[in-house]
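Here the structure is laid out as structure tokens; the discussion comes afterwards.
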There are 4 protein chains.
Amino acid sequence: MKVRVGINGYGTIGKRVASAVAAQDDMEVIGVTKTRPSYEAYLASASGFPLYTASSEQVANFEKEGIEIKGTLDDLMDVVDIMIDATPGGVGEAYLPRYQKAGIKAIFQGGERHELAGVSFNAYANYSDAWGADFARVVSCNTTGLVRTLFPLDRDIGIERVSATLVRRGADPSDNKGSALNNLEPSLKLPTHHGPDVKTIIPGINITTMAVKSPTTLMHLHCIMADLEKEVKEEDILATWEAVPRVKFVSGKQGMKGTANIMEMAKDLERQRGDLMEVAVWQDGIKMVGKTLYYYQAVHQESDVVPENIDCIRSMMEIECDPARSIKITDNSLGINE
Amino acid sequence: MKVRVGINGYGTIGKRVASAVAAQDDMEVIGVTKTRPSYEAYLASASGFPLYTASSEQVANFEKEGIEIKGTLDDLMDVVDIMIDATPGGVGEAYLPRYQKAGIKAIFQGGERHELAGVSFNAYANYSDAWGADFARVVSCNTTGLVRTLFPLDRDIGIERVSATLVRRGADPSDNKGSALNNLEPSLKLPTHHGPDVKTIIPGINITTMAVKSPTTLMHLHCIMADLEKEVKEEDILATWEAVPRVKFVSGKQGMKGTANIMEMAKDLERQRGDLMEVAVWQDGIKMVGKTLYYYQAVHQESDVVPENIDCIRSMMEIECDPARSIKITDNSLGINE
Amino acid sequence: MKVRVGINGYGTIGKRVASAVAAQDDMEVIGVTKTRPSYEAYLASASGFPLYTASSEQVANFEKEGIEIKGTLDDLMDVVDIMIDATPGGVGEAYLPRYQKAGIKAIFQGGERHELAGVSFNAYANYSDAWGADFARVVSCNTTGLVRTLFPLDRDIGIERVSATLVRRGADPSDNKGSALNNLEPSLKLPTHHGPDVKTIIPGINITTMAVKSPTTLMHLHCIMADLEKEVKEEDILATWEAVPRVKFVSGKQGMKGTANIMEMAKDLERQRGDLMEVAVWQDGIKMVGKTLYYYQAVHQESDVVPENIDCIRSMMEIECDPARSIKITDNSLGINE
Amino acid sequence: MKVRVGINGYGTIGKRVASAVAAQDDMEVIGVTKTRPSYEAYLASASGFPLYTASSEQVANFEKEGIEIKGTLDDLMDVVDIMIDATPGGVGEAYLPRYQKAGIKAIFQGGERHELAGVSFNAYANYSDAWGADFARVVSCNTTGLVRTLFPLDRDIGIERVSATLVRRGADPSDNKGSALNNLEPSLKLPTHHGPDVKTIIPGINITTMAVKSPTTLMHLHCIMADLEKEVKEEDILATWEAVPRVKFVSGKQGMKGTANIMEMAKDLERQRGDLMEVAVWQDGIKMVGKTLYYYQAVHQESDVVPENIDCIRSMMEIECDPARSIKITDNSLGINE
């Protein structure tokens, strides 16, 4: 029997996780929720995902727009095994008791605190930590990207200290609230929260981060300096990352000059929605100086956590105990690492 | 037997036409050309399209990068029935004599002059004009967009005069040459060339245009004022466009506030590369004041001419005499108007 | 004795009007108001303008930041002859009864309705309409720009009909709320309000407008098509505008390609704050086709209304009855038309 | 007698240095050169700076546009004591022998190699190194910004190691060549050249840098992590920088959220052209963690080297032996640190 999945919040992340769940053989989308009859509500209908509202008062608003509503969140909780909470950052906290009461499991996103779920998740780094758990949190897009390259480095070579500067995209592609148009904005609360968040997955790592918001919409760009425990060659770094999933090399020499080129590549690769779910690492932007490694990577903030949610479902629902096998199934279904 | 199609210039337009040809039952991609071993060359290989160089001297550059070359443009011309010339604007002119000498047909893009091919083409407006022709020109993205809404208006209601302002995207998504970053640039040569170009498809129409370049990468936005021959209702306008292909209504009320939302929608609709091949018309941005119609439409400059190229092949190769049937085959294969 | 001027709302417009008032011999800034101890509050102190709060509860917030407060708006109203209401659009309406009760005159900005003040104002077009008035409204930046070129055309040559498309900057330079980053957004409510607003100054004119928001911060760009009453030459158009104030010609041939170049020019001309208070018209972007005139102009939304406010003070306070003389005094003091 | 200064290349830097020279009592602008009759040529005339062409063949082009030419570069070299070489990066090298032959001194900009001039210059850090020199190089805008904060830290507290990420603006405000519109581009050649360039001023410093180009036009933003020799308090850091010239504190709490706000502030401060010649440091973005200091600073790439050029003239011409006095004269004349 397939795992019955609900999506609470069919927005940027929710709609992508829904599509990804629908692409798996061992799980299915039972329903998705919206609070308002916005564009995504039409999209859910068009995609064949039964639509639920967060509360019963909202039903009328949808019906006025001719959008069929299957029920409310309460109804949806009755018929799913696990809920993907893709509500806005910080909102998931209020839903946890309701999931608990309904006796269903739930996966939160990186906008929630680690303590809320108790388990923070990255498929490659700590798949088994979520095994059978009632609640887990898939870490944020930036943390996911950082963990994908830092975890294998730390395990295989050893990291003494990481300093990373995150140049963030300012807003989702059609959002008008994130960033002034011609502005660079530093995150003045230092060090930024990204370092501590990485430690929820790689506990002992010594990492500090700074961050700047840029008026772009495509990807975050990480500038990373890592003091390693020993002096290795750049080929060793490449080999380390070649051996792990969800790291994709791109080459400036072959025309991948920036985040816009990478997103164009994702479209050309016929990825769904033009998403790039791997972290993209510039292979000709990797440099060892003594024991210090310098590299750049780009993170597609809207999608890199999507496959992590899928694997997290498998771990929490105890339907696949081998992380590598879950990752492979997920990645094959989504066209990753082809 | 399938029509054998070559693509001369596997770039922004060429790669999209290649994918579209590959999606048809009655034609196939025999090969594509590149002048340099750039990213698109790797992409062509990955997509399974045999790769040719424009000239024999270029072969070595590709082989040095490990990219297999099937031959030169001369070799490709020997084995195709028709060439899609997707070389940069103005460059196609130099190739015409070579196509002629090789005894193959060719389709040029909107960057070439009308006189070069003699026939300018839009599938819905003048499909039969290209019937059996040796050469034709698919008009530019902007002209294609204008023709799609103006041709049926002119035919069904009658247009006395059109004044349009084109707010252009400044550059392709990963291009760094088109537009200053925080700048609006008017096209000072007035009226702009877009009006005369529309007349190559709708000969008698009275149209003048102005244009402004904006620092965006997604779509052109047309602001159109049309004096009609009679006073009609907005529903009549909607009905006129509902009856024709490749016009897609979007609604500001449903969240389609701008070009970024529309491109997001195209991704959600799972269009290939996230392209929108129709012209998008804001249904809640249509207004009649007396006999004057005001409306906005958005044009995805990278892709709206792609289905037109496919239909143009069918007309020139005389494999489908009914325009409506060709359009329907093309649109079904590309997910248009679903 | 100098006219005693207060500025209610020391923000984008208010701070500029304050500087301009301070540059006149016949008026002085008595005080400016702020509601919060933001950057502009510090700036007011640094500029030597006495600072008042909108209400008495706000005083403590300023004092906590070490900013000296002279009093409240009530106190300021006691000591000024006229108040420049530069509060956010629509907010001025609530203040009018208070100005009335205090027995002072007030100038509102273009964000208020015409009916609020009863008199809409442009120095060159209708200076005397505000003569001795208690309340007047300086029309918006876009309307001011349109009136500056359309009024003399209509008077000297005659206008039958105007169609204008306004490509708007998306937000003030450091604002993060106006515009999505890579988006073009049409104003779907058609025709837009700009046409009717022009009629508050040029009552009989036949004008309709469309508008598009672009992700830029510098200037609005107007694309104007005007059917004139007679066929004239482009030189006649130039001569018409050369004879009026606050129209500045720029030339694409001399490098003024877009709004960014024009703002650079304003800095090079050592205008205060790098503002351009004239409307900039591209002299090589003026074209007559039959009796129809096409032209482009750019409007610096933050500053073009500033000199209009100064002249409006002179008219309302009855200190200079000759519009041309008031305009000349204002322009000389601000470096305009040097 | 005043030092007679020529400016070879009246562009972004050249025009600013010319204005700054003109603001000094002990030097004067004898002439400036242009290669083409562009906008800046008109500006030079308007500013009263005699105009010279780089070569005699160019004279006719200027005269055709009605721009008066005083002579050629050779003529200008005959009548100046020192030339500010503000030609494009890498071009200055070809001019050095000509300056040498003409027997005049010259100052190059940061686009030239250190070795060309032999002396790299920053007024506060090494004023006396250029004393009496025939040639010197004012380091680039980024290097100047880095030196202004790192030099006093290194001297007063001691720096063990610096890692900096430079988020660069993509292009000058009206330039269309620097940056794709919606793109973040890493500098793949690592470490970037900025570190070695800092060492031309602070020889022993241990610094490595990474860089990313962003689609903005206003300022570079530096994210700096510095391991200090001892643990100090944030107040100590502030005190160190308060004691040195050309460091300006800005506060996020007071509304200086990003580079756009800072440039708005520079306009409000009535700086010429709205330039900010100091390096701007966020005082609420300074953080000590153990012995590691984190801070952000913003550099106005068009102007921060301007006062350095002025001081460099004084040092090379031996007209003021006290660096502090030269800096003070310069800063007072330009409104810096008021």
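Following the order of the structure tokens, chains are lettered A, B, ..., residues in each are numbered from 1, and ligands are numbered from 1.
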Considering only C-alpha atoms, give me a table of residues in chain A that are at most 8 Å from chain B, with the closest atom pair and distance in Å for each, as JSON lines.
{"residue": "A:Pro37", "atom": "CA", "partner": "B:Gln254", "partner_atom": "CA", "distance": 7.8}
{"residue": "A:Ser38", "atom": "CA", "partner": "B:Gln254", "partner_atom": "CA", "distance": 5.5}
{"residue": "A:Tyr39", "atom": "CA", "partner": "B:Gln254", "partner_atom": "CA", "distance": 5.1}
{"residue": "A:Leu43", "atom": "CA", "partner": "B:Asp268", "partner_atom": "CA", "distance": 7.5}
{"residue": "A:Pro173", "atom": "CA", "partner": "B:Ala260", "partner_atom": "CA", "distance": 6.1}
{"residue": "A:Ser174", "atom": "CA", "partner": "B:Ala260", "partner_atom": "CA", "distance": 5.0}
{"residue": "A:Asn182", "atom": "CA", "partner": "B:Asn182", "partner_atom": "CA", "distance": 7.1}
{"residue": "A:Gln254", "atom": "CA", "partner": "B:Tyr39", "partner_atom": "CA", "distance": 5.2}
{"residue": "A:Gly255", "atom": "CA", "partner": "B:Tyr39", "partner_atom": "CA", "distance": 5.5}
{"residue": "A:Met256", "atom": "CA", "partner": "B:Tyr39", "partner_atom": "CA", "distance": 7.6}
{"residue": "A:Gly258", "atom": "CA", "partner": "B:Ser174", "partner_atom": "CA", "distance": 7.8}
{"residue": "A:Ala260", "atom": "CA", "partner": "B:Ser174", "partner_atom": "CA", "distance": 5.0}
{"residue": "A:Asn261", "atom": "CA", "partner": "B:Ser174", "partner_atom": "CA", "distance": 5.3}
{"residue": "A:Glu264", "atom": "CA", "partner": "B:Pro173", "partner_atom": "CA", "distance": 7.6}
{"residue": "A:Lys267", "atom": "CA", "partner": "B:Arg273", "partner_atom": "CA", "distance": 4.3}
{"residue": "A:Asp268", "atom": "CA", "partner": "B:Arg273", "partner_atom": "CA", "distance": 6.0}
{"residue": "A:Glu270", "atom": "CA", "partner": "B:Arg273", "partner_atom": "CA", "distance": 5.9}
{"residue": "A:Arg271", "atom": "CA", "partner": "B:Arg273", "partner_atom": "CA", "distance": 7.8}
{"residue": "A:Gln272", "atom": "CA", "partner": "B:Glu270", "partner_atom": "CA", "distance": 6.4}
{"residue": "A:Arg273", "atom": "CA", "partner": "B:Lys267", "partner_atom": "CA", "distance": 4.3}
{"residue": "A:Gly274", "atom": "CA", "partner": "B:Arg273", "partner_atom": "CA", "distance": 6.0}
Find the residues near Thr33 in chain B: any atom within 9 Å, counting only C-alpha atoms, skip ones fewer than 6 places away on the same chain, and give them as a PyMOL selection string. chain B and resi 6-10+41+50-54+72-73+76
I need the residue nearest Arg113 in chain C from this list: C:Glu234, C:Asp25, C:Asp85, C:Asp197. Use only C-alpha atoms for the distance.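 Of the candidates, the smallest distance to Arg113 in chain C is held by C:Asp197.
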Hey, can you check how far CA of Val59 in chain A sits from CA of Val306 in chain A?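 CA of Val306 in chain A lies 28.5 Å from CA of Val59 in chain A.
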Residues near range 326-332 of chain C, anyone? I mean within 9 Å using only C-alpha atoms, not counting same-chain ones fewer than 2 positions away, as a PyMOL selection string. chain C and resi 20+23-24+123-124+245-246+307-308+310-311+314-315+320-324+334-338
Just list as a compact mmCIF listing (two decimals) with N, CA, C and O atoms, in the first residue's frame whatever in range 212-279 of chain A DSSP marks as helix (DSSP H, G or I).
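Wrote states.txt, looks like this:
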# COMPACT_ATOMS: atom_id res chain seq x y z
N GLU A 234 43.27 19.25 -5.46
CA GLU A 234 41.94 19.59 -5.94
C GLU A 234 41.23 18.35 -6.51
O GLU A 234 40.02 18.22 -6.38
N GLU A 235 41.99 17.43 -7.10
CA GLU A 235 41.38 16.20 -7.62
C GLU A 235 40.75 15.39 -6.48
O GLU A 235 39.75 14.71 -6.69
N ASP A 236 41.38 15.44 -5.33
CA ASP A 236 40.82 14.70 -4.19
C ASP A 236 39.47 15.27 -3.78
O ASP A 236 38.57 14.54 -3.39
N ILE A 237 39.39 16.59 -3.84
CA ILE A 237 38.12 17.24 -3.50
C ILE A 237 37.05 16.82 -4.50
O ILE A 237 35.94 16.42 -4.14
N LEU A 238 37.42 16.91 -5.77
CA LEU A 238 36.48 16.51 -6.83
C LEU A 238 36.03 15.07 -6.62
O LEU A 238 34.85 14.75 -6.73
N ALA A 239 36.99 14.20 -6.33
CA ALA A 239 36.66 12.79 -6.16
C ALA A 239 35.71 12.57 -4.98
O ALA A 239 34.80 11.75 -5.05
N THR A 240 35.93 13.34 -3.93
CA THR A 240 35.06 13.23 -2.75
C THR A 240 33.61 13.54 -3.12
O THR A 240 32.67 12.84 -2.72
N TRP A 241 33.44 14.59 -3.90
CA TRP A 241 32.08 15.01 -4.25
C TRP A 241 31.47 14.16 -5.37
O TRP A 241 30.26 14.03 -5.46
N GLU A 242 32.34 13.63 -6.21
CA GLU A 242 31.82 12.76 -7.27
C GLU A 242 31.18 11.51 -6.68
O GLU A 242 30.30 10.90 -7.29
N THR A 259 24.64 32.06 -12.12
CA THR A 259 23.41 31.36 -11.76
C THR A 259 22.40 31.34 -12.90
O THR A 259 21.63 30.39 -13.03
N ALA A 260 22.41 32.38 -13.73
CA ALA A 260 21.45 32.40 -14.85
C ALA A 260 21.77 31.28 -15.84
O ALA A 260 20.86 30.63 -16.38
N ASN A 261 23.05 31.06 -16.09
CA ASN A 261 23.42 29.98 -17.02
C ASN A 261 23.02 28.62 -16.45
O ASN A 261 22.61 27.73 -17.17
N ILE A 262 23.18 28.47 -15.15
CA ILE A 262 22.86 27.18 -14.53
C ILE A 262 21.36 26.92 -14.62
O ILE A 262 20.92 25.80 -14.93
N MET A 263 20.55 27.93 -14.38
CA MET A 263 19.10 27.72 -14.47
C MET A 263 18.68 27.44 -15.92
O MET A 263 17.75 26.68 -16.17
N GLU A 264 19.37 28.08 -16.86
CA GLU A 264 19.11 27.77 -18.28
C GLU A 264 19.45 26.31 -18.57
O GLU A 264 18.71 25.61 -19.26
N MET A 265 20.55 25.85 -18.01
CA MET A 265 20.95 24.44 -18.17
C MET A 265 19.87 23.51 -17.63
O MET A 265 19.53 22.49 -18.25
N ALA A 266 19.32 23.85 -16.47
CA ALA A 266 18.29 22.99 -15.86
C ALA A 266 17.08 22.88 -16.79
O ALA A 266 16.47 21.81 -16.91
N LYS A 267 16.75 23.97 -17.45
CA LYS A 267 15.65 23.92 -18.42
C LYS A 267 16.01 23.03 -19.59
O LYS A 267 15.20 22.23 -20.06
N ASP A 268 17.23 23.19 -20.07
CA ASP A 268 17.66 22.40 -21.21
C ASP A 268 17.70 20.91 -20.87
O ASP A 268 17.48 20.06 -21.74
N GLN A 272 11.82 19.05 -14.39
CA GLN A 272 10.48 19.57 -14.15
C GLN A 272 10.55 20.99 -13.59
O GLN A 272 11.34 21.27 -12.68
N ARG A 273 9.74 21.88 -14.13
CA ARG A 273 9.70 23.30 -13.76
C ARG A 273 11.05 23.99 -13.99
O ARG A 273 11.25 25.11 -13.52
N GLY A 274 11.99 23.35 -14.67
CA GLY A 274 13.30 23.96 -14.82
C GLY A 274 14.07 24.01 -13.52
O GLY A 274 15.00 24.80 -13.37
Give me every strand (DSSP E) residue in range 27-181 of chain C, going by DSSP on the backbone, as a ChimeraX atom specification. /C:27-34,51-53,71-72,82-85,105-108,120-121,135-138,159-169
